[in-house]
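Peer 1: Please see the structure below; I have some questions.
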Number of protein chains: 2
Amino acid sequence: MVSSPPPNEDGAKPAYGATTEWLRNEGAACDVVLSSRVRLARNLAAHRFVPQSDRTQRQQVVSLSQQAISEIGSCVWIDIHRTNDLEKQLFVERQLMSRQHARGKLAGGIGGPDEPRGLAVSLPDERVAIMVNEEDHLRIQCMRSGLALSEALAAADTLDDELEARLEFAFSPRFGYLTACPTNVGTGARFSVMLHLPGLKLLGDIDKVKRAAEDMSLAVRGFYGEGSKAIGDFYQVSNQTTLGKTEQVLLQELERDIIPRVMDYERHARRTLFEKRKSTTQDRIMRSVGLAKYVQLISTEEAMEHLSMIRLGAAIGMLNGSSMQAVNKLFLLVQPGHLQHRAGHALTQHERRVERAAVLREYLRDVG
Amino acid sequence: MVSSPPPNEDGAKPAYGATTEWLRNEGAACDVVLSSRVRLARNLAAHRFVPQSDRTQRQQVVSLSQQAISEIGSCVWIDIHRTNDLEKQLFVERQLMSRQHARGKLAGGIGGPDEPRGLAVSLPDERVAIMVNEEDHLRIQCMRSGLALSEALAAADTLDDELEARLEFAFSPRFGYLTACPTNVGTGARFSVMLHLPGLKLLGDIDKVKRAAEDMSLAVRGFYGEGSKAIGDFYQVSNQTTLGKTEQVLLQELERDIIPRVMDYERHARRTLFEKRKSTTQDRIMRSVGLAKYVQLISTEEAMEHLSMIRLGAAIGMLNGSSMQAVNKLFLLVQPGHLQHRAGHALTQHERRVERAAVLREYLRDVG
């Protein structure tokens, strides 16, 4: 259990109410790129990979990792076994750990809530999260707002060096870092950016971009990563292979070439919408504003769709400046775990829909 | 052409902007019954019915009728041949004449804009309208707000007597008043009420009520009468037969028995919605409020659907008092002819959608 929740940007209130660092919406690319993430997969040498190990071995990995992380001191160790389901859901929604890790399920369906594993998070900024005994012994994640993969990689590399000074990682001079799944062998790095592509979606060009990305061996996923579908026009784009290219080459391809091109497409689509379909586009945006300001019951999915439209309106200057801030907070606040955390107890689906509508109305009061 | 449009309730502005008498929403039944209408079909003796006559004969009927109406003095004669298409559309939307009469089309598709015909309207209240040479030589209409068929019939009878003092009507001691279509023979009277039945619609019970009404030989039609489908949960209920029953019996059946029963069903449905499906119902109403306050482009049909929900919210006290007034005005203001009258010129469909949205936003500013 987290002994004391991190303070948020609203100051005193110690709750997971405010936006996290990666949703601060900073940088020149933030009209299209919400956030950048670098993830490194690392495994301890002389220890079996998680799927091949037994509980005792996995417990050893947790102990060694916790020790190293605590020596470095930049992240708070969170005892997953002492967090309740609502808190776990909160970490998942804040993208600090995977759903699979929250459940303690290993590949092949073995494991469960008592599975030896861990989580460490840099607080209060939440820029760094380390999962212990997810698919690999260590999954190091560094997040940044906007398009900032280089910065995220630099932070990840520093942490990687600090860990490697204390732990021996499985490394092959021929293949590079060894990982449980062959697709991660090599640098062990995955780069991903969260994109907001309402323009391409509204123009019907999103599938073209997805196909082009997939032709370049990039994965295109939904807001919640692997296996999730796109809701609210948010897409995660990431590299699929890590073998055979250096981190720098992979990163530069994405950050200097591919993502800027997608940004150009999206910005062009937005201009087209506002030049050639102005009233239809304004109508869609303002309908979302009106609905979100008056709705009484709403699902996460529908809320995200309206937030996407409001974000588009804010990005192109149709809505006032406070709109973007409100939307960024709401991305998290409308999620089930956050709603229940706010209420202080578990809520039924119906109660969540009522609460979600109330949160939308409250945070969008001044939007228009 | 109407030499000077009637003043409206807003005072000085001489435009068809305000609500008409039958939309004033007065009386104990007005939560469910918008308006009551009595229509008498009359034909001049010794003159062929409209469908069997030639132009010269129809012109004679117009002259005789105009003379009688002008002597009585309660209605203004409107020269249809000098009204433009937009003005005709305005009269149709205000239910002062039928679409067929506006076009000048007779049964069998003969006739056209130059067809000899007339229209007389009591101004500024618009409670009385007389069509000359529609299906019958004279179609006398008296409208009242709320459930007030007796009052409307009394007014129609008075006018009928005044006309009969000046014109000889075709009458058979055995059949009663003779009319072009056999279904109108007898009293020549048709009674109709405009009902707002959102509760029965939302509960899925509307078809049950429609079938029951049809079993009692009542016709159930949409907002615009014959041939129109129900939009925004508004239904016109009227008697289908006029032969074999006195006006008083027909009227009492409707006003004292059938309509009060439908009102009970509807009120019961609304109570059920607010007791058993409160949050869903509130959500539907408030979504309509939000949409209507922010929409930028909207069709007549969608506008009527939202107005129906807002009217329901006002009727059950969920929305403030000004909501009902705003909705009553908007029933007419969102119609194509009224939008164009307001703009002062013809509008394309797209322009109407833009204007309609602007009118909704303006009139619903204080609703909530």
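Convention: chains lettered A, B, ... in structure tokens order; per-chain residue numbering from 1; ligands numbered from 1 as shown.
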Might you pull out every residue within 12 Å of His345 in chain B, with only C-alpha atoms counted and same-chain residues fewer than 4 positions away left off, and present them as a ChimeraX atom specification?

Peer 2: /B:84-87,336-341,351-352

Peer 1: Deliver the residues from the most recent selection as a file, using N, CA, C and O atoms, as a short mmCIF file (atom, residue, chain, number, x, y, z; two decimals), in the first residue's frame.

Peer 2:
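File written: again.cif
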```
data_model
loop_
_atom_site.label_atom_id
_atom_site.label_comp_id
_atom_site.auth_asym_id
_atom_site.auth_seq_id
_atom_site.Cartn_x
_atom_site.Cartn_y
_atom_site.Cartn_z
N ASN B 84 -46.01 34.98 -51.56
CA ASN B 84 -44.92 34.20 -52.16
C ASN B 84 -44.79 32.84 -51.46
O ASN B 84 -45.50 32.56 -50.49
N ASP B 85 -43.89 32.02 -51.97
CA ASP B 85 -43.76 30.66 -51.45
C ASP B 85 -43.39 30.64 -49.97
O ASP B 85 -43.87 29.79 -49.21
N LEU B 86 -42.54 31.57 -49.57
CA LEU B 86 -42.13 31.60 -48.17
C LEU B 86 -43.31 31.93 -47.26
O LEU B 86 -43.47 31.33 -46.20
N GLU B 87 -44.16 32.88 -47.70
CA GLU B 87 -45.32 33.24 -46.88
C GLU B 87 -46.30 32.06 -46.80
O GLU B 87 -46.86 31.77 -45.73
N PRO B 336 -38.77 25.35 -41.30
CA PRO B 336 -38.06 25.98 -42.43
C PRO B 336 -38.61 27.36 -42.82
O PRO B 336 -37.84 28.29 -43.03
N GLY B 337 -39.94 27.48 -42.93
CA GLY B 337 -40.53 28.74 -43.36
C GLY B 337 -40.26 29.85 -42.36
O GLY B 337 -39.94 30.99 -42.75
N HIS B 338 -40.39 29.53 -41.08
CA HIS B 338 -40.14 30.54 -40.05
C HIS B 338 -38.68 30.97 -40.03
O HIS B 338 -38.38 32.15 -39.83
N LEU B 339 -37.77 30.02 -40.24
CA LEU B 339 -36.35 30.37 -40.27
C LEU B 339 -36.06 31.33 -41.42
O LEU B 339 -35.30 32.29 -41.27
N GLN B 340 -36.69 31.07 -42.55
CA GLN B 340 -36.44 31.91 -43.72
C GLN B 340 -37.12 33.26 -43.57
O GLN B 340 -36.59 34.29 -44.00
N HIS B 341 -38.29 33.27 -42.94
CA HIS B 341 -38.98 34.53 -42.67
C HIS B 341 -38.11 35.40 -41.76
O HIS B 341 -37.95 36.61 -41.98
N GLU B 351 -27.97 26.18 -44.76
CA GLU B 351 -28.16 27.46 -44.05
C GLU B 351 -29.28 27.36 -43.02
O GLU B 351 -29.21 27.94 -41.94
N ARG B 352 -30.33 26.61 -43.37
CA ARG B 352 -31.42 26.44 -42.40
C ARG B 352 -30.94 25.70 -41.17
O ARG B 352 -31.32 26.02 -40.04
#
```

Peer 1: Determine, counting only C-alpha atoms, which protein, DNA and RNA residues have an atom within 10 Å of an atom of Ser98 in chain B; residues of the same chain fewer than 2 positions away are not included. Present the result as a list in words.

Peer 2: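 In the requested form, the answer reads Lys88, Gln89, Phe91, Val92, Glu93, Arg94, Gln95, Leu96, Gln100, His101, Ala102, Arg103, Gly104, Met131, Glu134, Tyr224, Gly225 and Glu226 of chain B.
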
Peer 1: Please report the interatomic distance between CA of Glu26 in chain B and CA of Met143 in chain B in Å with one decimal.

Peer 2: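 It comes out at 12.6 Å.
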
Peer 1: Calculated over only C-alpha atoms, which of the candidates B:Gln325, B:Ser299, B:Ser192, B:Thr281 has the smallest distance to chain A?

Peer 2: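 Nearest to chain A: B:Thr281.
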
Peer 1: Determine the nearest neighbour of chain B from the options A:Glu302, A:Leu330, A:Ser279, A:Leu360, counting only C-alpha atoms.

Peer 2: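 Closest to chain B, using only C-alpha atoms: A:Ser279.
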
Peer 1: Pick out the closest residue to Ile310 in chain A from this set: A:Pro260, A:Gly176, A:Gly368, A:Gly146. Count only C-alpha atoms.

Peer 2: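 Checking each candidate against Ile310 in chain A, we get A:Gly368 as the closest.
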
Peer 1: Taking only C-alpha atoms into account, what are the residues of chain A at most 8 Å from chain B, put as a ChimeraX atom specification?

Peer 2: /A:279-280,282-283,286-297

Peer 1: Any chance you could export the current selection's all heavy atoms as a compact mmCIF listing (two decimals), in the first residue's frame?

Peer 2:
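Dumped everything to result33.txt:
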```txt
# COMPACT_ATOMS: atom_id res chain seq x y z
N SER A 279 -18.41 23.92 -40.60
CA SER A 279 -19.59 23.91 -39.72
C SER A 279 -19.89 22.52 -39.19
O SER A 279 -20.30 22.37 -38.04
CB SER A 279 -20.80 24.54 -40.42
OG SER A 279 -21.03 23.90 -41.64
N THR A 280 -19.66 21.49 -39.99
CA THR A 280 -19.86 20.13 -39.50
C THR A 280 -18.90 19.83 -38.35
O THR A 280 -19.28 19.21 -37.35
CB THR A 280 -19.58 19.09 -40.63
OG1 THR A 280 -20.13 19.57 -41.84
CG2 THR A 280 -20.15 17.75 -40.29
N GLN A 282 -17.31 22.06 -36.37
CA GLN A 282 -17.70 22.86 -35.21
C GLN A 282 -18.90 22.24 -34.51
O GLN A 282 -18.98 22.21 -33.28
CB GLN A 282 -18.04 24.28 -35.65
CG GLN A 282 -16.82 25.11 -35.95
CD GLN A 282 -17.18 26.55 -36.27
OE1 GLN A 282 -18.24 26.82 -36.83
NE2 GLN A 282 -16.30 27.47 -35.94
N ASP A 283 -19.84 21.76 -35.32
CA ASP A 283 -21.04 21.13 -34.76
C ASP A 283 -20.66 19.93 -33.90
O ASP A 283 -21.14 19.78 -32.78
CB ASP A 283 -21.98 20.72 -35.89
CG ASP A 283 -23.29 20.14 -35.38
OD1 ASP A 283 -23.93 20.79 -34.53
OD2 ASP A 283 -23.67 19.04 -35.81
N MET A 286 -19.01 21.16 -30.67
CA MET A 286 -19.91 21.83 -29.74
C MET A 286 -20.99 20.89 -29.19
O MET A 286 -21.44 21.04 -28.06
CB MET A 286 -20.53 23.07 -30.38
CG MET A 286 -19.51 24.16 -30.69
SD MET A 286 -18.40 24.57 -29.29
CE MET A 286 -19.50 25.61 -28.32
N ARG A 287 -21.40 19.90 -29.99
CA ARG A 287 -22.31 18.89 -29.47
C ARG A 287 -21.64 18.14 -28.31
O ARG A 287 -22.28 17.84 -27.29
CB ARG A 287 -22.70 17.89 -30.56
CG ARG A 287 -23.80 18.39 -31.48
CD ARG A 287 -23.99 17.42 -32.65
NE ARG A 287 -25.03 17.92 -33.53
CZ ARG A 287 -26.26 17.42 -33.63
NH1 ARG A 287 -26.59 16.35 -32.93
NH2 ARG A 287 -27.13 17.95 -34.44
N SER A 288 -20.36 17.82 -28.48
CA SER A 288 -19.66 17.12 -27.40
C SER A 288 -19.56 18.00 -26.17
O SER A 288 -19.71 17.52 -25.04
CB SER A 288 -18.26 16.70 -27.87
OG SER A 288 -18.35 15.54 -28.68
N VAL A 289 -19.30 19.29 -26.37
CA VAL A 289 -19.25 20.22 -25.24
C VAL A 289 -20.60 20.23 -24.52
O VAL A 289 -20.68 20.06 -23.30
CB VAL A 289 -18.88 21.65 -25.71
CG1 VAL A 289 -19.07 22.66 -24.57
CG2 VAL A 289 -17.45 21.70 -26.22
N GLY A 290 -21.68 20.41 -25.29
CA GLY A 290 -23.02 20.49 -24.70
C GLY A 290 -23.38 19.22 -23.96
O GLY A 290 -23.88 19.26 -22.82
N LEU A 291 -23.12 18.09 -24.59
CA LEU A 291 -23.43 16.81 -23.95
C LEU A 291 -22.66 16.64 -22.66
O LEU A 291 -23.22 16.30 -21.62
CB LEU A 291 -23.08 15.66 -24.90
CG LEU A 291 -24.26 15.08 -25.63
CD1 LEU A 291 -23.81 14.02 -26.63
CD2 LEU A 291 -25.23 14.45 -24.63
N ALA A 292 -21.35 16.90 -22.73
CA ALA A 292 -20.51 16.66 -21.57
C ALA A 292 -20.86 17.61 -20.42
O ALA A 292 -20.67 17.28 -19.25
CB ALA A 292 -19.03 16.81 -21.95
N LYS A 293 -21.38 18.77 -20.73
CA LYS A 293 -21.74 19.74 -19.68
C LYS A 293 -23.08 19.42 -19.03
O LYS A 293 -23.41 19.96 -17.99
CB LYS A 293 -21.80 21.15 -20.27
CG LYS A 293 -20.43 21.76 -20.51
CD LYS A 293 -20.55 23.03 -21.34
CE LYS A 293 -20.88 24.24 -20.51
NZ LYS A 293 -19.70 25.06 -20.18
N TYR A 294 -23.90 18.58 -19.69
CA TYR A 294 -25.25 18.33 -19.16
C TYR A 294 -25.56 16.86 -18.89
O TYR A 294 -26.58 16.55 -18.29
CB TYR A 294 -26.30 18.92 -20.11
CG TYR A 294 -26.40 20.41 -19.98
CD1 TYR A 294 -25.56 21.26 -20.69
CD2 TYR A 294 -27.30 20.98 -19.07
CE1 TYR A 294 -25.61 22.63 -20.53
CE2 TYR A 294 -27.36 22.35 -18.90
CZ TYR A 294 -26.52 23.17 -19.64
OH TYR A 294 -26.59 24.52 -19.46
N VAL A 295 -24.69 15.97 -19.36
CA VAL A 295 -24.98 14.53 -19.26
C VAL A 295 -25.15 14.10 -17.79
O VAL A 295 -24.57 14.69 -16.88
CB VAL A 295 -23.84 13.75 -19.97
CG1 VAL A 295 -22.55 13.81 -19.16
CG2 VAL A 295 -24.25 12.34 -20.27
N GLN A 296 -25.99 13.08 -17.60
CA GLN A 296 -26.26 12.59 -16.24
C GLN A 296 -25.77 11.16 -16.04
O GLN A 296 -25.66 10.69 -14.91
CB GLN A 296 -27.77 12.64 -15.95
CG GLN A 296 -28.40 14.01 -16.13
CD GLN A 296 -28.02 14.98 -15.04
OE1 GLN A 296 -28.08 14.65 -13.87
NE2 GLN A 296 -27.61 16.19 -15.42
N LEU A 297 -25.53 10.46 -17.12
CA LEU A 297 -25.10 9.05 -17.09
C LEU A 297 -24.21 8.84 -18.31
O LEU A 297 -24.64 9.14 -19.42
CB LEU A 297 -26.30 8.13 -17.31
CG LEU A 297 -27.29 7.82 -16.21
CD1 LEU A 297 -28.37 6.90 -16.79
CD2 LEU A 297 -26.61 7.17 -15.03
```
